[in-house]
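Visitor: Dropping the structure in here first, questions after.
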Amino acid sequence: MSTTTKEISIGDVAARGAEGASQIESERMALNVGPSHPTTHGVLRLIMELNGDLIEKCEPVLGYLHRGDEKIAENMTYNQFVPYTDRLDYLAPLANNVAYALSVEKLAGVEVPERCEAIRVLVCELARISSHLLGMGVFGMDAGAWTPFMYTFTEREKLYTLFEELTGARFTTSYTRIGGVARDVPEGWLERVSKFCDELPKATSEVEKLLTRNRIFIDRTEGIGQISKEDALAYGMTGPNLRASGIDLDLRKDKPYSGYEKYDFDVPIGTRGDCYDRYLVRIEEVNQSLRIIKQVIADFPGGSWYAEDAKKIFAPPKEKILSSMEELIQNFMIVTEGPQIPSGEIYFEAENPKGALGFYVVSKGGGVPYRMKIRAPSFCNLSILEKLAPGHMLSDITVILGSLDFVMGECDR
Amino acid sequence: MIDEDFTRGLLEQHTFLTKVSHEDCLCLLCPPEHWVEIAKFLRNEETFELLADLTAIDQGEESEFRFTVVAHYYSRIHHDYLRIKCDCTDSLSPKIPSLSSIFPAADWHERETFDMFGIEFTDHPNLKRILMWDEYPYFPLRKEFPLAGIDTPLPADDVVEVTQASVEPAPMMGGPFVTSGSGPMSNSEPRAKDESWTEEVEKSK
């Protein structure tokens with residue numbers, strides 16, 4: 001039996017909203033969304049003023065997940081703070097670990113060997129894939145498409161298994177130390193990563209089939225939450241959200257760190273800066289991350305995986321501590337007094353999945369920072385909401401929040 | 001990268017700026033009265049159109065200028081950051097002009113800095129707390145504020161009046177876990193009140 005397909009035009013969503021508003025006598029009301037609401041991906045609260053279904057004012061209220069990380073950082077040694085970085089952007093803890101270690105190392109003037117850099121690039125890109133998979137999955141779900149979420153979560157599960165083999169933990173990885181990483185890659189792990197990378201495109205293509213040309217998805221996202229280049233910059237947006245607005249700012253290219261200059265990859269940018277573009281940028285970034293991972297594995301350097309000459313900063317491996325006096329003392333000093341970082345200040349940003357995660361570390365010498373400011377990309381990306389939401393329909397707020405892909409753990413710190 | 005020529009040009013054009021250092025990025029000190037002017041210049045005449053970060057440092061009560069506000073600008077042309085610092089002249093009620101009219105990004109950063117340090121940003125459109133609740137009486141990132149926090153009344157009297165809901169703070173003492181709240185961190189961690197099951201107690205028997 002032959003079937004025919006007929007495409008039915010349902011018109012522009014935003015236009016229909018405006019028409020409806022003019023026809024029906026609408027009522028003004030205040031609406032509170034959150035702090036606990038599936039749309040808000042955590043504990044974001046929005047106080048909105050509505051005119052019928054149109055949002056006239058939107059005020060985000062933050063702080064429900066505020067734990068005082070910056071205060072805590074001032075009261076502990078540099079290595080003790082690593083687990084706290086897991087809990088910033090908890091969808092990509094490895095990338096936070098690396099960003100934190102890199103900023104303190106930059107202050108200390110420590111250079112890590114090539115192998116360590118390669119491991120860090122590898123875990124950063126795996127973290128990016130993990131974060132974007134979730135970002136795309138829940139974005140689809142926010143727009144009413146349940147299925148892609150299942151595909152992306154299946155892949156994330158495999159990633160978590162890989163993280164567990166490498167770090168011993170699935171979520172809270174705490175993998176880096178100042179001057180190195182917690183342990184070398186286990187035997188056969190790189191092959192398993194390669195295998196994962198070979199299998200992933202199959203899953204992402206399924207997601208693409210379900211979303212990219214999906215009429216409903218396009219109708220809900222195209223032209224919605226449009227952010228101009230100027231606005232994106234003025235509000236300090238970074239990461240995929242900024243690039244979707246057409247600005248090619250990627251710190252991995254512009255200010256390469258941890259050996260990113262060695263790898264060949266493209267930076268996808270959007271043209272209109274709407275919700276649909278933000279989705280497209282993310283899905284392409286996953287493909288680019290795969291490219292980077294393949295290059296890292298193909299040319300994986302040997303040698304040491306921690307800075308051996310940084311005696312006052314990196315504690316040597318356990319077997320050396322237990323067999324040699326010098327290493328025992330070294331370990332004791334680092335554990336009791338913390339890595340000795342010279343006085344000075346540093347600002348370092350790393351290109352994390354959500355945007356530029358910055359650490360401003362002020363040291364007055366010793367093992368504890370004097371001041372540590374965490375510049376959270378989600379915090380900056382969300383600040384545009386007050387300007388972006390008005391003029392949209394209430395149902396669009398779900399899609400806008402989903403497309404901004406923020407994490408409250410990082411936003412509230 | 002920002003080079004010597006750029007630094008010299010900037011310092012010649014703006015004689016009020018002083019160079020502090022050039023280690024990770026160029027760091028300049030600016031007096032509060034020129035704080036907005038230099039931001040406007042960097043955005044409009046130069047290429048520093050991204051305000052990456054804005055925060056403050058508490059230098060301690062004994063310092064001449066207790067609070068230093070620090071802003072990081074990023075240029076997509078230079079591929080580099082520029083750090084501008086400003087000492088607040090009044091340590092008791094620190095004030096500095098707001099940048100939010102030039103960089104909308106400064107809005108939330110300044111609210112956070114106000115929340116954490118109590119620095120007032122004049123001409124800010126909506127200067128209220130952002131992470132702590134509105135009635136919170138302290139500034140937590142000031143150096144004299146203790147890590148364990150200070151007990152504060154919950155902002156709930158009016159809520160209780162309307163909702164009749166009972167609002168009580170979680171117990172710091174007397175609950176299943178107690179904390180001494182003082183001494184080194186290892187001692188002030190919350191511990192189970194009844195520790196008879198732990199190894200430690202058994203050993204001491």
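Residues are named by chain letter and number: chains run A, B, ... in the order of the structure tokens, numbers start at 1 in each chain, and ligands are numbered from 1 in the order shown.
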May I have the residues within 9 Å of Ala108 (chain A) as a ChimeraX atom specification, using only C-alpha atoms and disregarding those fewer than 4 positions away in the same chain?
Guide: /A:103-104,313,340-344
Visitor: Would you mind listing what lies within 6 Å of region 56-60 of chain A as a PyMOL selection string, with only C-alpha atoms counted and same-chain residues fewer than 4 positions away left out?
Guide: chain A and resi 45-50+386+390
Visitor: Give me, as a ChimeraX atom specification, the contact residues of chain A against chain B at a cut-off of 7 Å, counting only C-alpha atoms.
Guide: /A:62-63,66,71-72,233-236,254-255,346,371,375,380,383,412
Visitor: Interatomic distance between CA of Glu120 (chain B) and CA of Lys95 (chain B)?
Guide: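 A separation of 4.7 Å between them.
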Visitor: Would you mind reading off the distance between CA of Thr122 (chain B) and CA of Thr15 (chain B), one decimal, in Å?
Guide: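 Result for CA of Thr122 (chain B) versus CA of Thr15 (chain B): 24.2 Å, one decimal.
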Visitor: Could you check how far CA of Leu11 (chain B) sits from CA of Phe41 (chain B), in Å to one decimal?
Guide: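 Between CA of Leu11 (chain B) and CA of Phe41 (chain B) the gap is 12.7 Å.
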Visitor: Do you know which residues are at most 9 Å from Val185 (chain A) counting only C-alpha atoms, after dropping those on the same chain fewer than 3 positions away, and could you put them as an MDAnalysis selection string?
Guide: chainID A and resid 119 165:167 188:190
Visitor: Using only C-alpha atoms, determine which residues lie at most 8 Å from Leu159 (chain A), disregarding the query and same-chain residues fewer than 6 positions distant; provide the list as a PDB file with C-alpha atoms, in the first residue's frame.
Guide:
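After the write, selection-v5.pdb holds the following:
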ATOM      1  CA  LEU A 126      34.285  13.492  27.946  1.00  0.00           C
ATOM      2  CA  SER A 130      28.276  14.122  29.143  1.00  0.00           C
ATOM      3  CA  PHE A 196      32.529   4.496  23.362  1.00  0.00           C
TER       4      PHE A 196
END
Visitor: Report the residues of region 2-169 of chain B whose backbone DSSP state falls under strand (DSSP E or B), written as number ranges by chain.
Guide: B: 18-22, 26-29, 50-58, 67-75, 80-87, 95-97, 120-122
Visitor: Would you list the contacts of Ala232 (chain A) as an MDAnalysis selection string, taking every protein, DNA or RNA residue within 9 Å and counting only C-alpha atoms, but skipping same-chain residues closer than 3 positions in sequence?
Guide: chainID A and resid 227:229 235:238 241:242 245 247 273 381 384
